[in-house]
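Student: One file: my_file-v2.cif (mmCIF, C-alpha atoms).
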data_work
loop_
_atom_site.label_atom_id
_atom_site.label_comp_id
_atom_site.auth_asym_id
_atom_site.auth_seq_id
_atom_site.Cartn_x
_atom_site.Cartn_y
_atom_site.Cartn_z
CA MET B 29 -25.97 107.96 -61.58
CA LYS B 30 -26.70 107.46 -57.89
CA GLN B 31 -24.83 104.50 -56.43
CA ARG B 32 -26.48 101.70 -54.46
CA LEU B 33 -24.49 99.65 -51.96
CA SER B 34 -24.57 95.97 -52.85
CA LYS B 35 -22.61 92.78 -52.35
CA GLN B 36 -21.20 93.14 -55.87
CA LEU B 37 -19.99 96.69 -55.20
CA LEU B 38 -18.25 95.58 -51.98
CA GLN B 39 -16.57 92.73 -53.85
CA LYS B 40 -15.34 95.16 -56.52
CA TYR B 41 -13.96 97.42 -53.80
CA GLN B 42 -12.15 94.57 -52.04
CA GLN B 43 -10.62 93.54 -55.38
CA GLY B 44 -9.51 97.10 -56.20
CA MET B 45 -11.77 97.37 -59.26
CA CYS B 46 -13.97 100.31 -58.24
CA SER B 47 -14.11 103.62 -60.05
CA ALA B 48 -13.26 106.81 -58.12
CA GLU B 49 -16.97 107.51 -57.64
CA GLU B 50 -17.63 103.98 -56.38
CA MET B 51 -14.65 104.13 -54.00
CA ALA B 52 -15.87 107.42 -52.50
CA TYR B 53 -19.36 105.98 -52.03
CA VAL B 54 -18.18 102.80 -50.28
CA GLU B 55 -15.75 104.68 -48.01
CA SER B 56 -18.42 107.20 -47.05
CA TRP B 57 -20.76 104.33 -46.14
CA TYR B 58 -18.05 102.59 -44.11
CA ASN B 59 -17.16 105.74 -42.17
CA GLN B 60 -20.78 106.20 -41.11
CA LEU B 61 -21.14 102.54 -40.13
CA SER B 62 -17.83 102.51 -38.23
CA LYS B 63 -18.78 105.55 -36.15
CA ALA B 64 -22.12 103.98 -35.24
CA ASN B 65 -20.65 100.59 -34.33
CA ASN B 66 -17.71 102.00 -32.36
CA ALA B 67 -20.19 103.51 -29.93
CA LYS B 68 -21.67 100.09 -29.13
CA ASP B 69 -20.62 97.81 -26.32
CA ILE B 70 -20.06 94.21 -27.46
CA PRO B 71 -22.35 92.41 -24.99
CA GLU B 72 -25.24 94.77 -25.73
CA LEU B 73 -25.32 94.54 -29.52
CA ASP B 74 -28.80 94.08 -30.96
CA LEU B 75 -28.18 91.27 -33.46
CA ALA B 76 -31.64 91.57 -34.95
CA ALA B 77 -31.07 95.25 -35.67
CA GLU B 78 -27.65 94.51 -37.18
CA ASP B 79 -29.23 91.86 -39.40
CA ARG B 80 -31.87 94.28 -40.65
CA TYR B 81 -29.19 96.90 -41.38
CA PHE B 82 -27.12 94.51 -43.47
CA GLN B 83 -30.20 93.36 -45.39
CA GLN B 84 -31.19 96.94 -46.17
CA HIS B 85 -27.79 98.41 -47.01
CA ILE B 86 -25.43 95.66 -48.16
CA PHE B 87 -27.33 92.88 -49.91
CA GLY B 88 -30.06 93.86 -52.31
CA PRO B 89 -33.70 92.87 -51.85
CA GLU B 90 -33.20 90.08 -54.36
CA LEU B 91 -30.93 88.23 -51.92
CA ARG B 92 -32.97 88.57 -48.76
CA ALA B 93 -35.48 85.79 -49.30
CA ASN B 94 -32.86 83.13 -49.89
CA ARG B 95 -30.57 83.80 -46.93
CA HIS B 96 -30.89 82.07 -43.59
CA ARG B 97 -30.34 84.51 -40.75
CA ARG B 98 -27.49 82.66 -39.01
CA ALA B 99 -25.39 82.28 -42.14
CA TYR B 100 -26.30 85.78 -43.19
CA LEU B 101 -24.97 87.41 -40.04
CA LYS B 102 -21.70 85.51 -40.37
CA VAL B 103 -21.11 86.70 -43.93
CA ALA B 104 -22.17 90.24 -43.13
CA ALA B 105 -19.81 90.45 -40.18
CA SER B 106 -16.91 89.29 -42.33
CA VAL B 107 -17.71 91.93 -44.93
CA VAL B 108 -17.73 94.69 -42.35
CA PHE B 109 -14.53 93.60 -40.58
CA PHE B 110 -12.04 93.78 -43.39
CA LEU B 111 -13.55 96.30 -45.77
CA MET B 112 -10.43 98.17 -47.00
CA ALA B 113 -8.61 97.77 -43.69
CA GLY B 114 -11.35 99.05 -41.58
CA ALA B 115 -14.43 97.86 -39.82
CA VAL B 116 -15.78 96.52 -36.60
CA MET B 117 -16.09 92.77 -35.97
CA TYR B 118 -17.86 91.10 -33.07
CA PHE B 119 -17.70 87.44 -32.06
CA PHE B 120 -19.84 85.65 -29.50
CA SER B 121 -18.72 82.02 -29.32
CA GLY B 122 -17.84 80.30 -26.03
CA ARG B 123 -14.28 79.98 -24.86
CA GLN B 124 -12.62 76.55 -25.16
CA ARG B 125 -10.23 75.43 -22.47
CA SER B 126 -7.44 72.86 -22.57
CA PRO B 127 -4.92 71.67 -19.96
CA GLN B 128 -1.96 73.19 -21.83
CA PRO B 129 -1.80 75.98 -24.42
CA LEU B 130 -1.78 74.23 -27.80
CA PRO B 131 -0.86 75.82 -31.14
CA PHE B 132 -3.78 77.71 -32.74
CA SER B 133 -6.03 77.16 -29.69
CA VAL B 134 -7.83 79.85 -27.70
CA GLY B 135 -5.72 81.09 -24.79
CA GLN B 136 -6.30 80.21 -21.14
CA PHE B 137 -6.40 81.97 -17.78
CA GLN B 138 -3.20 80.47 -16.39
CA ALA B 139 0.30 81.38 -15.20
CA ASP B 140 3.31 79.99 -13.35
CA LEU B 141 4.40 81.34 -9.99
CA LEU B 142 8.20 81.26 -9.77
CA ILE B 143 9.20 81.45 -6.12
CA GLY B 144 12.79 80.59 -5.30
CA ASN B 145 13.48 77.32 -7.13
CA GLU B 146 9.84 76.26 -7.00
CA VAL B 147 7.23 76.51 -9.79
CA VAL B 148 3.53 76.62 -8.87
CA SER B 149 0.80 76.44 -11.54
CA LEU B 150 -1.89 79.12 -11.11
CA ASP B 151 -5.37 79.33 -12.62
CA GLU B 152 -8.86 80.54 -11.72
CA LYS B 153 -9.22 77.84 -9.06
CA LYS B 154 -5.75 78.47 -7.68
CA PRO B 155 -5.11 82.24 -7.85
CA PHE B 156 -2.01 84.12 -6.79
CA SER B 157 -1.89 84.57 -3.01
CA PRO B 158 0.18 87.33 -1.37
CA ALA B 159 0.61 84.89 1.53
CA TRP B 160 3.29 83.11 -0.50
CA MET B 161 5.43 86.23 -0.26
CA GLU B 162 5.00 86.38 3.50
CA GLN B 163 5.90 82.70 3.90
CA ARG B 164 8.94 82.88 1.61
CA LYS B 165 10.51 86.22 2.51
CA GLY B 166 13.82 86.72 0.74
CA ASP B 167 12.98 84.41 -2.16
CA GLN B 168 12.70 85.81 -5.67
CA VAL B 169 9.02 85.96 -6.69
CA ALA B 170 7.73 86.25 -10.26
CA ILE B 171 4.58 85.42 -12.23
CA LYS B 172 5.07 84.25 -15.79
CA THR B 173 2.62 83.54 -18.62
CA LYS B 174 3.42 81.47 -21.68
CA LYS B 175 2.04 82.00 -25.16
CA GLY B 176 -1.64 81.18 -25.01
CA GLN B 177 -2.03 82.34 -21.39
CA GLU B 178 -2.96 85.47 -19.47
CA PHE B 179 -3.53 86.10 -15.77
CA LYS B 180 -5.05 88.54 -13.31
CA MET B 181 -3.71 88.91 -9.77
CA GLU B 182 -3.81 91.16 -6.72
CA LEU B 183 -0.51 92.22 -5.11
CA PRO B 184 -0.09 92.51 -1.29
CA ASP B 185 -0.91 96.25 -1.30
CA GLY B 186 -4.18 95.79 -3.18
CA THR B 187 -2.84 96.73 -6.63
CA THR B 188 -4.48 94.70 -9.42
CA VAL B 189 -2.37 93.47 -12.34
CA TRP B 190 -3.52 91.93 -15.62
CA LEU B 191 -0.59 90.07 -17.20
CA ASN B 192 -0.82 89.48 -20.95
CA ALA B 193 0.43 86.42 -22.84
CA ASP B 194 4.15 85.63 -23.00
CA SER B 195 4.95 88.07 -20.18
CA LYS B 196 6.71 88.06 -16.83
CA LEU B 197 6.22 90.21 -13.74
CA GLU B 198 8.90 90.07 -11.06
CA ILE B 199 7.98 91.44 -7.64
CA GLY B 200 10.87 93.32 -6.03
CA SER B 201 12.25 92.18 -2.70
CA GLY B 202 10.89 94.30 0.15
CA TYR B 203 7.76 95.11 -1.86
CA ASN B 204 5.43 97.48 0.01
CA VAL B 205 8.01 98.32 2.67
CA GLN B 206 9.40 101.65 1.45
CA GLU B 207 8.32 101.43 -2.16
CA ARG B 208 6.44 99.09 -4.47
CA ALA B 209 8.73 98.02 -7.30
CA VAL B 210 7.94 95.46 -10.02
CA PHE B 211 9.90 94.45 -13.12
CA LEU B 212 7.99 93.75 -16.34
CA GLU B 213 8.78 91.82 -19.51
CA GLY B 214 5.97 91.86 -22.07
CA GLU B 215 2.64 93.58 -21.38
CA ALA B 216 0.57 94.31 -18.29
CA TYR B 217 -2.19 96.60 -17.13
CA PHE B 218 -1.91 98.07 -13.63
CA LYS B 219 -4.67 99.48 -11.43
CA VAL B 220 -2.57 100.85 -8.59
CA ALA B 221 -3.74 101.05 -5.00
CA LYS B 222 -3.27 104.59 -3.67
CA ASN B 223 -0.41 105.13 -1.22
CA LYS B 224 1.25 108.54 -1.30
CA VAL B 225 4.21 107.50 0.85
CA LYS B 226 5.06 104.30 -1.07
CA PRO B 227 5.42 105.04 -4.79
CA PHE B 228 4.58 102.28 -7.24
CA ILE B 229 7.31 101.83 -9.87
CA VAL B 230 7.29 99.60 -12.95
CA HIS B 231 10.76 98.88 -14.36
CA VAL B 232 10.87 97.87 -18.03
CA GLY B 233 14.49 97.45 -19.06
CA LYS B 234 16.16 100.85 -18.53
CA THR B 235 12.80 102.65 -18.33
CA SER B 236 10.90 103.30 -15.12
CA ILE B 237 7.26 104.32 -14.77
CA GLU B 238 6.24 105.81 -11.42
CA ALA B 239 2.68 106.18 -10.17
CA LEU B 240 0.90 107.04 -6.92
CA GLY B 241 -2.71 106.02 -7.60
CA THR B 242 -3.56 105.37 -11.21
CA ALA B 243 -4.43 102.91 -13.99
CA PHE B 244 -2.22 102.40 -17.02
CA ASN B 245 -1.04 99.91 -19.63
CA VAL B 246 2.60 99.08 -20.40
CA LYS B 247 3.79 97.07 -23.40
CA LEU B 248 7.22 96.05 -24.67
CA TYR B 249 7.95 92.83 -26.54
CA PRO B 250 11.58 93.35 -27.70
CA ASN B 251 11.41 90.46 -30.17
CA ASP B 252 8.56 92.20 -32.03
CA SER B 253 9.27 95.91 -31.59
CA GLN B 254 11.71 98.33 -29.98
CA LEU B 255 8.86 100.66 -29.00
CA LEU B 256 7.73 100.70 -25.39
CA THR B 257 4.12 101.93 -25.22
CA THR B 258 2.51 103.34 -22.08
CA GLN B 259 -1.11 104.51 -22.04
CA LEU B 260 -2.62 106.31 -19.06
CA ASP B 261 -6.30 105.92 -18.13
CA GLU B 262 -6.42 107.47 -14.64
CA GLY B 263 -4.20 109.58 -12.39
CA LYS B 264 -0.68 110.64 -13.33
CA ILE B 265 2.56 108.80 -14.14
CA ARG B 266 6.17 109.80 -14.71
CA VAL B 267 8.10 107.96 -17.44
CA SER B 268 11.89 108.11 -17.09
CA ASN B 269 14.65 106.86 -19.36
CA ALA B 270 18.35 107.82 -19.49
CA GLY B 271 17.79 111.09 -17.64
CA LEU B 272 14.77 112.12 -19.73
CA GLN B 273 11.37 112.39 -18.07
CA GLU B 274 7.82 112.88 -19.29
CA ILE B 275 4.64 113.34 -17.22
CA LEU B 276 1.51 111.70 -18.61
CA LEU B 277 -2.03 112.88 -17.93
CA PRO B 278 -5.22 110.87 -18.54
CA GLY B 279 -5.91 110.40 -22.23
CA GLN B 280 -2.24 110.45 -23.22
CA ARG B 281 0.20 107.76 -24.25
CA ILE B 282 3.93 107.60 -24.86
CA GLN B 283 5.92 105.59 -27.36
CA LEU B 284 9.54 105.26 -26.29
CA ASN B 285 12.24 103.88 -28.56
CA VAL B 286 14.30 101.76 -26.18
CA LEU B 287 17.30 101.83 -28.55
CA ASN B 288 17.77 105.60 -28.74
CA GLY B 289 15.55 106.88 -25.91
CA ASP B 290 13.31 109.01 -28.17
CA PHE B 291 9.91 109.90 -26.66
CA GLN B 292 6.76 110.46 -28.67
CA LEU B 293 3.81 111.85 -26.69
CA GLN B 294 0.40 111.13 -28.22
CA GLN B 295 -3.19 111.91 -27.41
CA GLU B 296 -5.12 108.68 -26.92
CA ASN B 297 -7.40 107.52 -29.73
CA LYS B 298 -10.74 107.30 -27.95
CA GLN B 299 -12.00 104.73 -30.44
CA GLN B 300 -9.13 102.37 -29.63
CA ASP B 301 -8.05 101.31 -26.15
CA ALA B 302 -4.63 99.64 -25.96
CA ALA B 303 -5.78 97.73 -22.86
CA ASN B 304 -8.84 96.09 -24.43
CA TRP B 305 -6.92 92.81 -24.41
CA LYS B 306 -7.63 92.51 -20.67
CA ASP B 307 -11.39 92.84 -21.30
CA GLY B 308 -11.50 89.93 -23.72
CA TYR B 309 -10.91 91.25 -27.22
CA PHE B 310 -8.34 92.63 -29.62
CA GLU B 311 -8.85 96.04 -31.16
CA PHE B 312 -6.97 97.34 -34.19
CA ASP B 313 -7.15 100.78 -35.79
CA GLN B 314 -5.26 101.00 -39.08
CA THR B 315 -2.76 98.64 -37.45
CA PRO B 316 0.05 97.14 -39.56
CA LEU B 317 -0.44 93.43 -40.21
CA PRO B 318 2.89 92.48 -38.53
CA GLU B 319 1.63 93.98 -35.24
CA ILE B 320 -1.69 92.18 -35.55
CA LEU B 321 0.02 88.86 -36.16
CA ALA B 322 2.32 89.35 -33.16
CA ASP B 323 -0.70 89.84 -30.88
CA LEU B 324 -2.60 86.90 -32.37
CA ALA B 325 0.47 84.63 -32.17
CA ARG B 326 0.88 85.28 -28.44
CA TRP B 327 -2.75 84.47 -27.72
CA TYR B 328 -3.22 81.51 -30.08
CA ASN B 329 0.32 80.23 -29.45
CA PHE B 330 1.76 79.88 -32.93
CA THR B 331 4.73 81.04 -35.00
CA TYR B 332 4.46 82.68 -38.39
CA SER B 333 6.30 84.12 -41.36
CA LEU B 334 5.02 87.05 -43.40
CA SER B 335 5.67 87.77 -47.05
CA PRO B 336 7.06 91.29 -47.74
CA VAL B 337 3.99 91.78 -49.96
CA TYR B 338 1.80 92.01 -46.83
CA LYS B 339 4.08 93.98 -44.50
CA ASN B 340 2.52 97.35 -45.34
CA LYS B 341 -1.07 96.13 -45.16
CA VAL B 342 -3.11 97.71 -42.37
CA LEU B 343 -6.39 96.50 -40.88
CA SER B 344 -8.96 97.75 -38.40
CA GLY B 345 -11.47 95.93 -36.27
CA LYS B 346 -12.49 94.45 -32.96
CA ILE B 347 -12.12 90.69 -32.40
CA SER B 348 -13.27 88.62 -29.44
CA LYS B 349 -10.47 86.56 -27.93
CA LYS B 350 -13.00 83.77 -27.42
CA GLU B 351 -13.22 83.18 -31.16
CA SER B 352 -11.61 80.05 -32.58
CA PHE B 353 -8.58 80.49 -34.77
CA ALA B 354 -10.47 78.91 -37.67
CA GLU B 355 -12.70 82.00 -37.76
CA VAL B 356 -9.64 84.29 -37.73
CA LEU B 357 -8.31 82.42 -40.78
CA LYS B 358 -11.61 82.97 -42.61
CA ILE B 359 -11.31 86.71 -42.01
CA LEU B 360 -7.70 86.79 -43.24
CA ARG B 361 -8.78 84.97 -46.37
CA PHE B 362 -11.63 87.42 -46.95
CA ALA B 363 -9.19 90.32 -46.57
CA GLY B 364 -7.25 88.95 -49.53
CA ILE B 365 -4.44 87.44 -47.43
CA ASN B 366 -3.42 83.96 -48.53
CA TYR B 367 -1.87 81.49 -46.11
CA THR B 368 -0.78 77.91 -45.53
CA ILE B 369 -0.19 76.06 -42.25
CA ASP B 370 2.86 73.92 -41.52
CA LYS B 371 2.40 72.22 -38.11
CA ASP B 372 2.35 75.14 -35.64
CA ARG B 373 3.54 77.73 -38.18
CA LEU B 374 1.33 80.07 -40.18
CA LEU B 375 2.82 81.06 -43.52
CA LEU B 376 1.32 84.17 -45.13
CA VAL B 377 2.28 84.16 -48.79
CA PRO B 378 0.57 85.53 -51.93
#
Output the file's structure in the form of structure tokens.
Tutor:
Amino acid sequence: MKQRLSKQLLQKYQQGMCSAEEMAYVESWYNQLSKANNAKDIPELDLAAEDRYFQQHIFGPELRANRHRRAYLKVAASVVFFLMAGAVMYFFSGRQRSPQPLPFSVGQFQADLLIGNEVVSLDEKKPFSPAWMEQRKGDQVAIKTKKGQEFKMELPDGTTVWLNADSKLEIGSGYNVQERAVFLEGEAYFKVAKNKVKPFIVHVGKTSIEALGTAFNVKLYPNDSQLLTTQLDEGKIRVSNAGLQEILLPGQRIQLNVLNGDFQLQQENKQQDAANWKDGYFEFDQTPLPEILADLARWYNFTYSLSPVYKNKVLSGKISKKESFAEVLKILRFAGINYTIDKDRLLLVP
């Protein structure tokens, strides 16, 4: 008998109650929808068209007359996001700001400038100024974000840096004299100003990443993972660690185990960009739940514990960083993940 996609069938699938034929039907539908949605740019989504699609393909005609459009879109989006561990989710709510990053609140565009023994608070109205480095030559200069913060800055040579949450970028003394050296803890995206005679070098622990004119992402949070990930968008970079070197070309990424120095060269997944965080959203592609929680915790500024039952669960989707944490919790619940909250700690337990 020919299958028809319905709300009941999706619920059976999410609960693991589908027959083999039903599972194949739902997964085939999802694959087609995912390919179509991955090609769309978030700000240009046609919500009316999405609404019509969900009415035609997910909920049967018997449900259409009784659903208000606003509530309908919200439910439909939740269904698509966490269907099996794969879908595409889009959020459009405004970003809330607060003076300090609070637990479970949307992150802010802020950072601290550490210059000598002085701390200067930076934000959109008070950006990083290379003039500080000229005025305080010889002082140690660093930019640091807390959990719930990220920052964008321009270095004296014109290189642009996006610094992710809970990260630190130290600018080497004598920057832009003979070379351009920075020292990173956490995650940052670099769009390097071209200068063939002054190489740009990012030091991450014992690993160095050298570029002339290029754009690339670097990520290493030692408390969460021992894998340093570098993804190249433009130009060419050389990754060096303990005498081993690897040249990356556009469309490639490297995962480096900082404990044993093992390299793993990968072709970039074109449907997932590791640097999407700097453009205002998270993107996951069959990503283990522990990695997802680590990213969310840095942005929404919370701690968490995860039951071993959920450690092998993987999810896919695209989430706006402007969305309130309350909406993230709704999605977790829909995905079959139970939780409780104890002050600033999220407990994920069956």
Student: Using all atoms listed in the file, determine which residues lie at most 6 Å from Gly135 in chain B, disregarding the query and same-chain residues fewer than 2 positions distant; provide the list as a list in words.
Tutor: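 Returned residues: Gly176, Gln177, Trp327 and Tyr328 of chain B.
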Student: Given the file shown, enumerate the residues that the PyMOL selection byres ((chain B and resi 245-253) around 6) captures and present them as a list of chain:residue names.
Tutor: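 For this structure, the PyMOL selection byres ((chain B and resi 245-253) around 6) resolves to B:Gly214, B:Glu215, B:Ala216, B:Tyr217, B:Phe244, B:Gln254, B:Leu255, B:Leu256, B:Thr257, B:Thr258, B:Gln259.
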Student: Hey, can you check how far CA of Glu162 in chain B sits from CA of Arg266 in chain B?
Tutor: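 For CA of Glu162 in chain B relative to CA of Arg266 in chain B, the distance reads 29.7 Å.
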Student: Select, from B:Lys306, B:Gln36, B:Thr242, B:Val134, the residue with the minimum atom-to-atom distance to Glu355 in chain B, counting only C-alpha atoms.
Tutor: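 The shortest atom-to-atom distance to Glu355 in chain B comes from B:Val134.
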Student: To one decimal place in Å, what is the distance between CA of Leu130 in chain B and CA of Asn329 in chain B?
Tutor: 6.6 Å
Student: Using the chain letters and numbers from the file, give me the residues hit by the PyMOL selection byres ((chain B and resi 166) around 12), as a PyMOL selection string.
Tutor: chain B and resi 143-144+160-165+167-169+199-203
Student: Check the smallest atom-to-atom distance from each of B:Leu343, B:Glu198, B:Ala159, B:Asp185 to Lys226 in chain B using only C-alpha atoms, then report the winner.
Tutor: B:Asp185
Student: I need the residue set behind the PyMOL selection byres ((chain B and resi 330-339) around 9) for this file; please write it as a list in words.
Tutor: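 Here the PyMOL selection byres ((chain B and resi 330-339) around 9) matches Leu130, Pro131, Phe132, Ser133, Lys175, Gly176, Pro316, Leu317, Pro318, Leu321, Ala322, Leu324, Ala325, Arg326, Trp327, Tyr328, Asn329, Asn340, Lys341, Val342, Ile365, Ile369, Asp372, Arg373, Leu374, Leu375, Leu376, Val377 and Pro378 of chain B.
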